[in-house]
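Student: Below you will find the structure I want to go over with you.
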Amino acid sequence: PLGLPSWVAYQDFEGITIDEAEQGRMLKSIGSKPAVILRNHGLLTWGPSLPEAYMMLWTLQRACDVQIASSAAGALNPIREEVFAQTVRESGPGEKRTCEDVFAALQRLVDAQDPGYRD
């Protein structure tokens, strides 16, 4: 897909995962990347902390949403490569403190709605 960073891996959907051989194929596709798009299925992310993994997932989901919405408007107007690289560097997933702040805010929202989830 246009514009997604090089930290995203891709894996074709193979149906319900009961074949152990899929594990090796998936690990090969992922390599050392912290996120994977399971084509026709969904997104997975991971990271050194829950806030960092969450922020990466949120950012990837948002990128997918924006790409789909913009493609409905006609031809895409790509941004310059250096602007894209700067945006990735300055984005939330690259900033541990931003990840922690965003996750804490999300947690406060959930706490306000139903603090019972902690039990």
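Just remember, in the structure tokens the first chain shown is A, the second B, etc., residues are 1-based per chain, and ligands are 1-based in the order shown.
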Within chain A, find each residue whose DSSP state, derived from the backbone, is alpha helix (DSSP H), and express the selection as a ChimeraX atom specification.
Tutor: /A:21-30,50-71,81-90,96-113
Student: Considering only C-alpha atoms, give me a table of residues in segment 31-84 of chain A that are at most 10 Å from segment 20-27 of chain A, with the closest atom pair and distance in Å for each, as JSON lines.
Tutor:
```
{"residue": "A:Gly31", "atom": "CA", "partner": "A:Leu27", "partner_atom": "CA", "distance": 6.0}
{"residue": "A:Ser32", "atom": "CA", "partner": "A:Leu27", "partner_atom": "CA", "distance": 8.8}
{"residue": "A:Lys33", "atom": "CA", "partner": "A:Leu27", "partner_atom": "CA", "distance": 10.0}
{"residue": "A:Val36", "atom": "CA", "partner": "A:Met26", "partner_atom": "CA", "distance": 9.3}
{"residue": "A:Leu38", "atom": "CA", "partner": "A:Met26", "partner_atom": "CA", "distance": 9.4}
```
Student: Find the residue from A:Asp111, A:Glu100, A:Asp119, A:Asp19 that sits nearest to Pro48 of chain A; use only C-alpha atoms when measuring.
Tutor: A:Glu100
Student: Could you name the residues that touch segment 77-92 of chain A at 7 Å or less, counting only C-alpha atoms, but leaving out those on the same chain fewer than 5 positions away, as a ChimeraX atom specification?
Tutor: /A:55,98-99
Student: Leaving out Pro34 of chain A and any residue of its chain fewer than 5 positions from it, which residues lie within 10 Å of it when counting only C-alpha atoms, given as a PyMOL selection string?
Tutor: chain A and resi 7-9+44-48+53+56-57
Student: May I have the selected residues written with N, CA and C atoms, as a PDB file, in the first residue's frame?
Tutor:
```
ATOM      1  N   TRP A   7       8.408  -0.230   8.408  1.00  0.00           N
ATOM      2  CA  TRP A   7       8.316  -1.048   9.619  1.00  0.00           C
ATOM      3  C   TRP A   7       7.071  -1.923   9.632  1.00  0.00           C
ATOM      4  N   VAL A   8       6.336  -1.950   8.541  1.00  0.00           N
ATOM      5  CA  VAL A   8       5.124  -2.754   8.457  1.00  0.00           C
ATOM      6  C   VAL A   8       5.374  -3.966   7.572  1.00  0.00           C
ATOM      7  N   ALA A   9       5.075  -5.152   8.092  1.00  0.00           N
ATOM      8  CA  ALA A   9       5.170  -6.394   7.322  1.00  0.00           C
ATOM      9  C   ALA A   9       3.778  -6.774   6.820  1.00  0.00           C
ATOM     10  N   LEU A  44      -1.766  -6.386  13.487  1.00  0.00           N
ATOM     11  CA  LEU A  44      -1.122  -6.798  14.734  1.00  0.00           C
ATOM     12  C   LEU A  44       0.095  -5.909  14.957  1.00  0.00           C
ATOM     13  N   THR A  45       0.318  -5.509  16.200  1.00  0.00           N
ATOM     14  CA  THR A  45       1.531  -4.769  16.560  1.00  0.00           C
ATOM     15  C   THR A  45       2.037  -5.280  17.895  1.00  0.00           C
ATOM     16  N   TRP A  46       3.272  -4.982  18.177  1.00  0.00           N
ATOM     17  CA  TRP A  46       3.876  -5.329  19.455  1.00  0.00           C
ATOM     18  C   TRP A  46       4.998  -4.343  19.704  1.00  0.00           C
ATOM     19  N   GLY A  47       5.483  -4.302  20.925  1.00  0.00           N
ATOM     20  CA  GLY A  47       6.548  -3.363  21.241  1.00  0.00           C
ATOM     21  C   GLY A  47       7.087  -3.594  22.627  1.00  0.00           C
ATOM     22  N   PRO A  48       8.021  -2.764  23.031  1.00  0.00           N
ATOM     23  CA  PRO A  48       8.656  -2.924  24.336  1.00  0.00           C
ATOM     24  C   PRO A  48       7.720  -2.640  25.513  1.00  0.00           C
ATOM     25  N   ALA A  53       3.030  -0.387  21.929  1.00  0.00           N
ATOM     26  CA  ALA A  53       2.329  -1.281  21.007  1.00  0.00           C
ATOM     27  C   ALA A  53       0.956  -0.702  20.644  1.00  0.00           C
ATOM     28  N   MET A  56       1.352   2.258  18.213  1.00  0.00           N
ATOM     29  CA  MET A  56       1.682   1.774  16.879  1.00  0.00           C
ATOM     30  C   MET A  56       0.424   1.221  16.199  1.00  0.00           C
ATOM     31  N   LEU A  57      -0.398   0.481  16.938  1.00  0.00           N
ATOM     32  CA  LEU A  57      -1.630  -0.061  16.371  1.00  0.00           C
ATOM     33  C   LEU A  57      -2.582   1.065  15.977  1.00  0.00           C
TER      34      LEU A  57
END
```
Student: With only C-alpha atoms as the basis for distance, which of A:Thr59, A:Ile16, A:Gln11, A:Val66 is at the shortest distance from Arg39 of chain A?
Tutor: A:Gln11
Student: Determine, counting only C-alpha atoms, which protein, DNA and RNA residues have an atom within 10 Å of an atom of Val102 of chain A; residues of the same chain fewer than 5 positions away are not included. Present the result as a ChimeraX atom specification.
Tutor: /A:51-52,54-55,92,97,107-108
Student: Just C-alpha atoms for this one: save the residues we selected as a PDB file, in the first residue's frame.
Tutor:
```
ATOM      1  CA  PRO A  51       1.607   1.954  25.452  1.00  0.00           C
ATOM      2  CA  GLU A  52       4.101   1.714  22.575  1.00  0.00           C
ATOM      3  CA  TYR A  54      -1.048   0.478  21.373  1.00  0.00           C
ATOM      4  CA  MET A  55       0.199   3.705  19.782  1.00  0.00           C
ATOM      5  CA  GLY A  92       3.716   9.178  18.267  1.00  0.00           C
ATOM      6  CA  ARG A  97       6.703   9.624  26.222  1.00  0.00           C
ATOM      7  CA  GLN A 107      -6.945   4.484  30.441  1.00  0.00           C
ATOM      8  CA  ARG A 108      -8.520   7.477  32.212  1.00  0.00           C
TER       9      ARG A 108
END
```
Student: Can you tell me how far atom CA of Leu43 of chain A sits from atom CA of Asp12 of chain A, in Å to one decimal?
Tutor: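 About the pair atom CA of Leu43 of chain A and atom CA of Asp12 of chain A: they are 11.7 Å apart.
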